[in-house]
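Source file: protein24.txt; contents: compact mmCIF, C-alpha atoms and all ligand atoms.
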```txt
# COMPACT_ATOMS: atom_id res chain seq x y z
CA MET A 790 104.87 41.64 160.00
CA LYS A 791 106.34 44.42 157.85
CA ILE A 792 105.35 44.52 154.20
CA MET A 793 107.83 45.01 151.36
CA LYS A 794 106.40 46.59 148.22
CA VAL A 795 107.93 45.96 144.82
CA LYS A 796 106.79 48.20 142.00
CA PHE A 797 107.66 47.55 138.35
CA TRP A 798 108.32 50.79 136.42
CA GLY A 799 109.94 49.05 133.44
CA VAL A 800 109.88 45.35 132.53
CA ARG A 801 111.13 45.14 128.92
CA GLY A 802 114.62 44.20 127.89
CA SER A 803 116.93 45.63 125.25
CA ILE A 804 114.99 48.68 124.01
CA PRO A 805 111.86 50.63 124.99
CA THR A 806 108.89 49.15 123.16
CA PRO A 807 105.95 51.53 122.73
CA LEU A 808 102.51 49.95 122.36
CA THR A 809 101.82 49.24 118.71
CA PHE A 810 98.39 49.85 117.22
CA SER A 811 97.88 46.13 116.68
CA ASN A 812 98.77 45.41 120.34
CA TYR A 813 96.39 48.16 121.40
CA LYS A 814 93.57 46.68 119.31
CA SER A 815 94.19 43.23 120.71
CA SER A 816 94.01 44.51 124.31
CA LEU A 817 90.96 46.59 123.51
CA LEU A 818 89.19 43.53 122.11
CA LYS A 819 89.89 41.60 125.31
CA ILE A 820 88.48 44.45 127.39
CA LEU A 821 85.38 44.80 125.20
CA GLU A 822 84.73 41.07 125.50
CA ILE A 823 84.69 41.40 129.29
CA ALA A 824 82.61 44.58 129.07
CA ALA A 825 80.00 42.88 126.89
CA SER A 826 78.47 41.13 129.90
CA LYS A 827 78.65 44.18 132.21
CA ASP A 828 76.41 47.17 132.71
CA ILE A 829 78.45 50.11 131.41
CA THR A 830 75.56 52.33 130.39
CA SER A 831 76.70 55.43 132.31
CA HIS A 832 80.00 57.31 132.60
CA GLU A 833 80.27 56.35 136.30
CA LYS A 834 79.67 52.67 135.54
CA ARG A 835 82.28 52.72 132.78
CA LEU A 836 84.76 54.40 135.13
CA SER A 837 84.23 51.85 137.88
CA PHE A 838 84.50 49.01 135.30
CA ILE A 839 87.87 50.40 134.14
CA ASN A 840 89.11 50.92 137.70
CA GLU A 841 88.29 47.34 138.66
CA LEU A 842 89.94 45.85 135.57
CA SER A 843 93.10 43.97 136.53
CA LEU A 844 96.28 44.33 134.50
CA GLU A 845 96.16 40.62 133.65
CA LYS A 846 92.78 40.98 131.99
CA THR A 847 94.04 43.69 129.63
CA ASN A 848 97.00 41.57 128.51
CA LEU A 849 99.14 44.74 128.63
CA ILE A 850 102.78 44.22 129.61
CA GLY A 851 104.32 47.70 129.26
CA GLY A 852 107.13 48.94 127.06
CA ASN A 853 109.60 50.69 129.36
CA THR A 854 112.96 49.09 130.09
CA THR A 855 114.07 47.92 133.49
CA CYS A 856 113.44 49.92 136.62
CA ILE A 857 112.16 48.57 139.93
CA GLN A 858 111.28 50.37 143.16
CA ILE A 859 111.39 48.48 146.46
CA GLU A 860 110.07 50.13 149.59
CA ASN A 861 108.93 49.42 153.09
CA GLU A 862 107.51 51.88 155.60
CA ASN A 863 109.67 54.97 155.09
CA SER A 864 112.65 53.79 153.08
CA MET A 865 113.01 53.05 149.41
CA LEU A 866 115.54 51.64 146.94
CA ILE A 867 115.66 51.84 143.14
CA PHE A 868 117.14 49.18 140.87
CA ASP A 869 118.28 50.12 137.38
CA MET A 870 117.62 53.26 135.39
CA GLY A 871 115.98 52.01 132.19
CA SER A 872 113.33 54.18 130.55
CA GLY A 873 110.91 53.27 133.37
CA ILE A 874 112.79 55.55 135.78
CA ARG A 875 111.36 58.62 134.02
CA GLU A 876 107.84 57.96 135.35
CA LEU A 877 109.25 56.92 138.73
CA GLY A 878 110.93 60.34 138.90
CA TYR A 879 107.61 62.13 138.37
CA SER A 880 106.01 60.03 141.12
CA LEU A 881 108.64 61.26 143.63
CA GLU A 882 108.27 64.98 142.85
CA LYS A 883 105.57 65.73 145.43
CA LYS A 884 107.56 64.19 148.30
CA ILE A 885 110.73 65.96 147.14
CA ASN A 886 109.00 69.35 146.86
CA ASN A 887 107.47 68.88 150.32
CA LYS A 888 110.98 68.16 151.68
CA GLU A 889 109.87 64.67 152.77
CA LEU A 890 112.47 63.06 150.52
CA ASN A 891 115.96 64.31 149.70
CA GLU A 892 118.09 61.19 149.40
CA LEU A 893 117.78 58.38 146.84
CA HIS A 894 119.60 55.04 146.50
CA ILE A 895 119.99 53.53 143.03
CA PHE A 896 121.56 50.10 142.42
CA LEU A 897 122.80 49.14 138.96
CA THR A 898 122.82 45.56 137.68
CA HIS A 899 125.07 46.71 134.79
CA THR A 900 125.30 49.59 132.34
CA HIS A 901 123.80 48.27 129.11
CA TYR A 902 121.56 50.94 127.55
CA ASP A 903 118.31 49.32 128.61
CA HIS A 904 119.42 49.70 132.26
CA ILE A 905 120.67 53.33 132.23
CA SER A 906 119.00 55.14 129.32
CA GLY A 907 116.24 56.67 131.49
CA PHE A 908 118.60 58.55 133.80
CA PRO A 909 118.92 61.76 131.68
CA PHE A 910 115.11 62.03 131.96
CA PHE A 911 114.95 61.42 135.73
CA LEU A 912 113.64 64.73 137.09
CA PRO A 913 114.99 64.41 140.69
CA ALA A 914 118.52 64.30 139.21
CA TYR A 915 118.07 67.97 138.20
CA ASN A 916 117.16 69.06 141.76
CA LYS A 917 119.99 70.59 143.83
CA ASP A 918 118.27 69.51 147.07
CA VAL A 919 118.44 65.82 146.12
CA THR A 920 121.37 63.49 146.84
CA ILE A 921 121.58 60.37 144.70
CA ASN A 922 123.64 57.43 145.95
CA PHE A 923 124.68 55.09 143.15
CA TYR A 924 125.77 51.50 143.89
CA SER A 925 127.49 49.34 141.32
CA VAL A 926 129.81 46.33 141.30
CA HIS A 927 131.06 47.37 137.86
CA LYS A 928 133.93 49.77 138.23
CA ASN A 929 133.98 53.37 136.93
CA LEU A 930 130.21 53.92 136.97
CA LEU A 931 130.77 57.70 137.06
CA SER A 932 132.78 57.69 133.83
CA SER A 933 130.32 55.29 132.16
CA LEU A 934 127.41 57.64 132.94
CA GLU A 935 129.48 60.66 131.84
CA ALA A 936 130.19 58.95 128.53
CA HIS A 937 126.49 58.16 128.11
CA GLN A 938 125.73 61.87 128.49
CA ASP A 939 128.55 63.18 126.33
CA PHE A 940 127.44 66.28 124.34
CA ARG A 941 127.42 64.23 121.15
CA PHE A 942 124.64 62.04 122.54
CA PHE A 943 122.67 64.25 124.96
CA PRO A 944 122.52 68.02 125.52
CA VAL A 945 122.98 67.94 129.34
CA LEU A 946 126.22 66.65 130.81
CA LEU A 947 125.98 64.47 133.91
CA GLY A 948 127.88 67.13 135.88
CA ASN A 949 125.33 69.76 134.87
CA MET A 950 122.47 67.87 136.52
CA ALA A 951 122.10 69.79 139.79
CA SER A 952 121.66 66.88 142.22
CA ASN A 953 124.50 65.79 144.49
CA LYS A 954 125.80 62.41 143.29
CA ILE A 955 127.72 59.92 145.41
CA PHE A 956 129.20 56.77 143.87
CA HIS A 957 129.58 53.66 146.03
CA GLN A 958 131.83 50.91 144.68
CA LEU A 959 130.45 47.49 145.66
CA ILE A 960 132.63 44.42 146.04
CA PRO A 961 131.37 41.09 144.63
CA ASP A 962 129.35 39.13 147.22
CA GLU A 963 129.59 41.81 149.93
CA ILE A 964 126.64 42.60 152.20
CA ILE A 965 125.76 46.25 152.75
CA GLU A 966 123.08 48.03 154.75
CA VAL A 967 121.08 50.94 153.39
CA ASN A 968 118.49 52.32 155.79
CA ASN A 969 116.75 49.20 157.03
CA PHE A 970 117.59 47.04 154.00
CA GLN A 971 120.39 44.49 153.71
CA ILE A 972 121.65 44.07 150.17
CA THR A 973 124.06 41.55 148.74
CA ASN A 974 125.08 40.83 145.15
CA LYS A 975 126.09 37.95 142.91
CA GLU A 976 127.75 37.87 139.50
CA LEU A 977 125.58 36.60 136.62
CA HIS A 978 126.65 35.20 133.26
CA HIS A 979 126.03 37.99 130.74
CA PRO A 980 128.18 39.83 128.17
CA GLY A 981 130.25 42.25 130.29
CA LYS A 982 128.66 40.68 133.44
CA SER A 983 125.50 41.59 135.25
CA PHE A 984 124.93 41.41 139.02
CA ALA A 985 121.94 40.02 140.88
CA TYR A 986 120.83 41.69 144.10
CA ARG A 987 119.22 40.06 147.09
CA ILE A 988 117.35 42.61 149.20
CA GLU A 989 116.29 41.65 152.71
CA ALA A 990 114.41 43.45 155.46
CA GLY A 991 113.06 41.67 158.55
CA ASN A 992 112.01 38.24 157.38
CA LYS A 993 111.21 39.33 153.80
CA SER A 994 113.44 39.06 150.76
CA VAL A 995 113.43 39.86 147.04
CA VAL A 996 116.00 38.78 144.46
CA LEU A 997 116.47 40.71 141.23
CA ALA A 998 118.40 38.49 138.81
CA THR A 999 118.15 40.06 135.39
CA ASP A 1000 120.33 39.72 132.32
CA ALA A 1001 121.49 36.23 133.17
CA GLU A 1002 122.16 33.07 131.23
CA TYR A 1003 122.45 29.61 132.78
CA ILE A 1004 124.61 27.65 130.36
CA ASN A 1005 124.59 24.37 132.23
CA MET A 1006 121.53 23.47 134.28
CA SER A 1007 123.10 20.59 136.22
CA ILE A 1008 122.57 21.05 139.96
CA GLU A 1009 126.35 21.23 140.42
CA GLN A 1010 126.60 24.14 137.96
CA ILE A 1011 123.65 26.13 139.32
CA LYS A 1012 124.13 25.47 143.01
CA SER A 1013 125.60 28.91 143.75
CA TYR A 1014 122.50 30.51 142.17
CA LEU A 1015 120.21 28.20 144.14
CA LYS A 1016 121.95 29.33 147.31
CA PHE A 1017 121.61 33.02 146.42
CA TYR A 1018 117.91 32.69 145.45
CA ASN A 1019 117.13 30.26 148.29
CA GLN A 1020 113.62 30.60 149.75
CA THR A 1021 113.21 34.17 148.58
CA ASP A 1022 109.69 35.56 148.68
CA LEU A 1023 110.04 36.95 145.15
CA LEU A 1024 112.52 36.11 142.40
CA ILE A 1025 112.53 38.57 139.48
CA PHE A 1026 113.98 36.48 136.68
CA ASP A 1027 115.29 37.19 133.17
CA ALA A 1028 112.80 35.31 130.95
CA GLN A 1029 113.51 37.13 127.70
CA TYR A 1030 113.72 33.98 125.60
CA SER A 1031 111.41 31.15 124.71
CA PHE A 1032 112.88 27.76 125.55
CA ASP A 1033 113.88 27.23 121.87
CA GLU A 1034 115.68 30.57 121.74
CA GLU A 1035 117.43 29.79 125.02
CA ILE A 1036 118.91 26.64 123.51
CA GLN A 1037 119.99 28.43 120.30
CA LYS A 1038 121.34 31.71 121.69
CA ILE A 1039 124.33 30.48 123.63
CA ASP A 1040 126.31 33.32 125.25
CA TRP A 1041 123.68 35.96 124.37
CA GLY A 1042 123.20 36.37 128.11
CA HIS A 1043 119.50 35.75 128.71
CA SER A 1044 117.26 33.00 129.99
CA SER A 1045 113.73 31.59 129.73
CA ALA A 1046 110.64 31.02 131.87
CA LEU A 1047 111.23 27.25 131.92
CA TYR A 1048 114.74 27.64 133.33
CA GLY A 1049 113.26 30.13 135.80
CA LEU A 1050 110.77 27.49 136.92
CA ASP A 1051 113.36 24.74 137.38
CA ILE A 1052 115.64 27.08 139.31
CA SER A 1053 112.80 28.48 141.45
CA ILE A 1054 111.49 25.02 142.40
CA ASN A 1055 114.98 23.85 143.35
CA ALA A 1056 115.65 27.04 145.33
CA GLU A 1057 112.23 26.86 147.05
CA VAL A 1058 111.30 30.32 145.79
CA LYS A 1059 107.77 31.48 146.72
CA LYS A 1060 106.90 33.79 143.82
CA LEU A 1061 108.52 33.95 140.39
CA ALA A 1062 108.13 37.12 138.29
CA LEU A 1063 109.08 36.65 134.63
CA PHE A 1064 110.96 39.80 133.62
CA HIS A 1065 113.05 41.53 130.89
CA HIS A 1066 110.53 40.68 128.17
CA ALA A 1067 111.76 40.62 124.57
CA PRO A 1068 110.97 43.79 122.59
CA ASP A 1069 110.18 41.76 119.46
CA ARG A 1070 107.40 39.83 121.14
CA SER A 1071 103.85 41.21 121.26
CA ASP A 1072 102.05 41.36 124.59
CA ASP A 1073 99.92 38.38 123.50
CA GLN A 1074 103.04 36.36 122.67
CA ILE A 1075 104.53 37.16 126.09
CA CYS A 1076 101.28 35.94 127.70
CA GLU A 1077 101.65 32.76 125.62
CA LEU A 1078 105.12 32.18 127.13
CA LEU A 1079 103.53 32.36 130.58
CA ASN A 1080 100.86 29.82 129.55
CA THR A 1081 103.58 27.45 128.31
CA ALA A 1082 105.42 27.87 131.62
CA LEU A 1083 102.25 27.12 133.61
CA ILE A 1084 101.63 23.94 131.58
CA TYR A 1085 105.26 22.90 132.14
CA LYS A 1086 104.86 23.52 135.88
CA LYS A 1087 101.62 21.53 136.07
CA SER A 1088 103.11 18.49 134.35
CA ASN A 1089 106.58 18.56 135.96
CA TYR A 1090 105.83 19.92 139.42
CA PRO A 1091 102.13 19.20 140.07
CA ASP A 1092 102.44 19.66 143.86
CA SER A 1093 104.43 22.90 143.75
CA THR A 1094 102.93 25.99 145.40
CA LEU A 1095 105.25 28.33 143.44
CA GLU A 1096 103.34 31.34 142.09
CA VAL A 1097 104.42 32.29 138.55
CA PHE A 1098 103.39 35.50 136.81
CA LEU A 1099 104.52 38.11 134.29
CA ALA A 1100 106.17 41.28 135.58
CA ARG A 1101 103.94 44.03 134.19
CA GLU A 1102 104.63 47.74 134.15
CA SER A 1103 102.92 49.59 137.05
CA ALA A 1104 102.17 46.37 138.97
CA ILE A 1105 102.87 46.40 142.70
CA ILE A 1106 103.72 43.12 144.41
CA GLU A 1107 103.39 43.03 148.17
CA ILE A 1108 105.33 40.47 150.14
ZN ZN B 1 118.97 44.17 129.68
ZN ZN B 2 122.45 43.45 129.47
```
Now, as a test, write the supplied structure out as structure tokens.
Amino acid sequence: MKIMKVKFWGVRGSIPTPLTFSNYKSSLLKILEIAASKDITSHEKRLSFINELSLEKTNLIGGNTTCIQIENENSMLIFDMGSGIRELGYSLEKKINNKELNELHIFLTHTHYDHISGFPFFLPAYNKDVTINFYSVHKNLLSSLEAHQDFRFFPVLLGNMASNKIFHQLIPDEIIEVNNFQITNKELHHPGKSFAYRIEAGNKSVVLATDAEYINMSIEQIKSYLKFYNQTDLLIFDAQYSFDEEIQKIDWGHSSALYGLDISINAEVKKLALFHHAPDRSDDQICELLNTALIYKKSNYPDSTLEVFLARESAIIEI
């Protein structure tokens, strides 16, 4: 059975959120508490302790905005170009320089800053041997990216980035094939619209549904989403808000972990990744939202096998 790998390069919403000193201290304290019962008396022992430490234990979430890499065997897709795409670009350099990679495929959910602001810092875009295919349901992606890199805002114009750029206009709900992936899209409720993508290969599937609000949670109103997310192996879900904020911020275009849970259970999703974390929330507070969601799941769906976790920068999920 072929494995699909999903790597999170950016998981925050709205604006890049560098680690604050107080967040750093809080994570450090958690790590020291674990270290207190371990033998870390030599450099080697400390190194192996650090290498074995899981992301969850550190409480770190990551501050880059949305960018996700999905790959299997020898093909790869990129979703969104938030600040996380900068590091992704560096990770591709070796393959590009060795001529093992010369074509990239980037899908855009929409063009709000947090989903495109990393592109001017994406090193492969400056390489004349690289072709970048852009896919977007929103029209005029080329002119939107040109405007974003107008001289008043950035010193390098889009047209002066040496890579070859091809723009593919997607039609709502259409199914396309890229290498061995099948990709379809669905409109989401968000200011200016956002589009979810369902990515399938073999018998595996991932749905990225970010920047989405569900105004009415009656089954009738959400049934088209349930169909699109149905039985996916991994649903990456906009959980920017707490439940209270979700109720108050009508038409702000985001959702919460609890809505994500209800939708995932009804759509028979296997894994739910809470994504697009609020920049104003500390890493500890984001972990608290997960705890609340897990309590909600235990009391409302005690028999459910749904796996719920926080999307964390640099995490790789294999399905
Ligand atoms: Zn966003
Ligand atoms: Zn947005």
### Task
Could you give me, as a ChimeraX atom specification, the residues within 10 Å of A:Gly981, counting only C-alpha atoms and dropping anything in the same chain fewer than 4 positions from it?
/A:899-901,927,977,1042
Write out as CSV a residue-level contact list of chain A versus ligand ZN 1 (chain B) with cut-off 6 Å: for each qualifying residue the closest pair of atoms and the distance in Å to one decimal, counting only C-alpha atoms and all ligand atoms, rows sorted by chain and residue number upward.
```
residue,atom,partner,partner_atom,distance
A:Gly802,CA,B:ZN1,ZN,4.7
A:Ser803,CA,B:ZN1,ZN,5.1
A:Asp903,CA,B:ZN1,ZN,5.3
A:Asp1000,CA,B:ZN1,ZN,5.3
```
### Message
Residues contacting ligand ZN 2 (chain B) - anything with an atom at most 12 Å away, using all atoms listed in the file - can you give me those as an NGL selection string?
### Response
:A and (801-804 or 854-855 or 869 or 871 or 897-905 or 977-985 or 998-1002 or 1027 or 1029 or 1040-1044 or 1065)
Saved selection, atoms kept: C-alpha atoms, as a CSV table (one decimal), keeping the file's coordinate frame:
```csv
chain,number,residue,atom,x,y,z
A,801,ARG,CA,111.1,45.1,128.9
A,802,GLY,CA,114.6,44.2,127.9
A,803,SER,CA,116.9,45.6,125.2
A,804,ILE,CA,115.0,48.7,124.0
A,854,THR,CA,113.0,49.1,130.1
A,855,THR,CA,114.1,47.9,133.5
A,869,ASP,CA,118.3,50.1,137.4
A,871,GLY,CA,116.0,52.0,132.2
A,897,LEU,CA,122.8,49.1,139.0
A,898,THR,CA,122.8,45.6,137.7
A,899,HIS,CA,125.1,46.7,134.8
A,900,THR,CA,125.3,49.6,132.3
A,901,HIS,CA,123.8,48.3,129.1
A,902,TYR,CA,121.6,50.9,127.6
A,903,ASP,CA,118.3,49.3,128.6
A,904,HIS,CA,119.4,49.7,132.3
A,905,ILE,CA,120.7,53.3,132.2
A,977,LEU,CA,125.6,36.6,136.6
A,978,HIS,CA,126.6,35.2,133.3
A,979,HIS,CA,126.0,38.0,130.7
A,980,PRO,CA,128.2,39.8,128.2
A,981,GLY,CA,130.2,42.2,130.3
A,982,LYS,CA,128.7,40.7,133.4
A,983,SER,CA,125.5,41.6,135.2
A,984,PHE,CA,124.9,41.4,139.0
A,985,ALA,CA,121.9,40.0,140.9
A,998,ALA,CA,118.4,38.5,138.8
A,999,THR,CA,118.2,40.1,135.4
A,1000,ASP,CA,120.3,39.7,132.3
A,1001,ALA,CA,121.5,36.2,133.2
A,1002,GLU,CA,122.2,33.1,131.2
A,1027,ASP,CA,115.3,37.2,133.2
A,1029,GLN,CA,113.5,37.1,127.7
A,1040,ASP,CA,126.3,33.3,125.2
A,1041,TRP,CA,123.7,36.0,124.4
A,1042,GLY,CA,123.2,36.4,128.1
A,1043,HIS,CA,119.5,35.8,128.7
A,1044,SER,CA,117.3,33.0,130.0
A,1065,HIS,CA,113.0,41.5,130.9
```
### Task
Select, from A:Lys883, A:Lys794, A:Lys928, A:Lys814, the residue with the minimum atom-to-atom distance to A:Asn863, counting all atoms listed in the file.
A:Lys794
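For the residues A:Lys827, A:Lys796, A:Lys819, A:His832, ranking by smallest atom-to-atom distance to A:Ile874 using only C-alpha atoms places A:Lys796 first.
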With a distance cut-off of 8 Å and all atoms listed in the file, select the neighbouring residues of A:Leu931, excluding the residue or stretch itself and same-chain residues fewer than 3 positions from it, and output the selection as a PDB file with C-alpha atoms, keeping the file's coordinate frame.
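Result file is selection_10.pdb:
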```
ATOM      1  CA  LEU A 934     127.410  57.640 132.940  1.00  0.00           C
ATOM      2  CA  GLU A 935     129.480  60.660 131.840  1.00  0.00           C
ATOM      3  CA  PHE A 956     129.200  56.770 143.870  1.00  0.00           C
TER       4      PHE A 956
END
```
### Message
From (116.0, 59.1, 147.7), in the file's coordinates, out to 10 Å: which residues are reached, counting all atoms listed in the file? Answer as an MDAnalysis selection string.
### Response
chainID A and resid 864:867 881 884:885 889:895 913 919:922
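A straight line drawn from atom CA of A:Thr973 to atom CA of A:Leu1047 is 25.5 Å long.
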### Task
Please provide the set of residues having any atom within 10 Å of stretch 1052-1058 of chain A, restricted to all atoms listed in the file, with same-chain residues fewer than 6 positions apart removed, written as a ChimeraX atom specification.
/A:995-996,1003,1006,1008,1011-1012,1014-1024,1026,1046,1086,1090,1093-1097
With 4 Å of padding per side, what axis-aligned box (centre and edge lengths, Å, one decimal) covers all the listed atoms of stretch 810-826 of chain A? Give it as JSON.
```
{"center_x": 88.6, "center_y": 45.5, "center_z": 123.3, "size_x": 28.3, "size_y": 16.8, "size_z": 21.2}
```
### Message
Set the distance at 12 Å and use only C-alpha atoms: which residues neighbour A:Phe810 once local chain neighbours fewer than 6 positions away are removed? I'd like the list as a list in words.
### Response
Ser816, Leu817, Ser1071 and Asp1072 of chain A
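Shortest separation to A:Ser925 among A:Asn861, A:Ser1045, A:Asn887, A:Asn974 occurs at residue A:Asn974, atoms counted being all atoms listed in the file.
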### Summary
re atom CA of A:Ala914 and atom CA of A:Ser952: distance 5.1 Å
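Shortest atom-to-atom contact with A:Arg987 among A:Glu833, A:Ser933, A:Thr847, A:Phe896: A:Phe896, counting only C-alpha atoms.
The interatomic distance for the pair atom CA of A:Asn1089 and atom CA of A:Ser1031 works out to 17.6 Å.
Proximity of A:Ile857, A:Leu959, A:Phe908, A:Ala824 to A:Glu841, computed with all atoms listed in the file, is greatest for A:Ala824.
For the residues A:Ile1036, A:Ala1062, A:Val945, A:Ala990, ranking by smallest atom-to-atom distance to A:Ile1004 using only C-alpha atoms places A:Ile1036 first.
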Since the input lacks some atoms of stretch 1068-1084 of chain A, please model N, CA and C atoms and print them as a short mmCIF file (atom, residue, chain, number, x, y, z; two decimals), keeping the file's coordinate frame.
```cif
data_model
loop_
_atom_site.label_atom_id
_atom_site.label_comp_id
_atom_site.auth_asym_id
_atom_site.auth_seq_id
_atom_site.Cartn_x
_atom_site.Cartn_y
_atom_site.Cartn_z
N PRO A 1068 111.67 42.70 123.29
CA PRO A 1068 110.97 43.79 122.59
C PRO A 1068 110.27 43.31 121.30
N ASP A 1069 110.76 42.23 120.72
CA ASP A 1069 110.18 41.76 119.46
C ASP A 1069 108.91 40.94 119.65
N ARG A 1070 108.58 40.65 120.90
CA ARG A 1070 107.40 39.83 121.14
C ARG A 1070 106.21 40.73 121.49
N SER A 1071 105.05 40.44 120.91
CA SER A 1071 103.85 41.21 121.26
C SER A 1071 103.41 40.82 122.67
N ASP A 1072 102.55 41.65 123.24
CA ASP A 1072 102.05 41.36 124.59
C ASP A 1072 101.36 39.99 124.61
N ASP A 1073 100.59 39.69 123.56
CA ASP A 1073 99.92 38.38 123.50
C ASP A 1073 100.93 37.25 123.49
N GLN A 1074 102.01 37.42 122.73
CA GLN A 1074 103.04 36.36 122.67
C GLN A 1074 103.73 36.18 124.02
N ILE A 1075 103.92 37.27 124.75
CA ILE A 1075 104.53 37.16 126.09
C ILE A 1075 103.56 36.39 127.02
N CYS A 1076 102.27 36.69 126.90
CA CYS A 1076 101.28 35.94 127.70
C CYS A 1076 101.31 34.45 127.34
N GLU A 1077 101.55 34.16 126.06
CA GLU A 1077 101.65 32.76 125.62
C GLU A 1077 102.82 32.05 126.31
N LEU A 1078 103.95 32.78 126.45
CA LEU A 1078 105.12 32.18 127.13
C LEU A 1078 104.76 31.82 128.57
N LEU A 1079 103.96 32.67 129.21
CA LEU A 1079 103.53 32.36 130.58
C LEU A 1079 102.66 31.10 130.57
N ASN A 1080 101.74 31.01 129.61
CA ASN A 1080 100.86 29.82 129.55
C ASN A 1080 101.68 28.55 129.38
N THR A 1081 102.70 28.62 128.51
CA THR A 1081 103.58 27.45 128.31
C THR A 1081 104.27 27.09 129.62
N ALA A 1082 104.72 28.12 130.35
CA ALA A 1082 105.42 27.87 131.62
C ALA A 1082 104.47 27.23 132.63
N LEU A 1083 103.21 27.67 132.64
CA LEU A 1083 102.25 27.12 133.61
C LEU A 1083 101.92 25.66 133.29
N ILE A 1084 101.87 25.33 131.99
CA ILE A 1084 101.63 23.94 131.58
C ILE A 1084 102.83 23.07 132.00
#
```
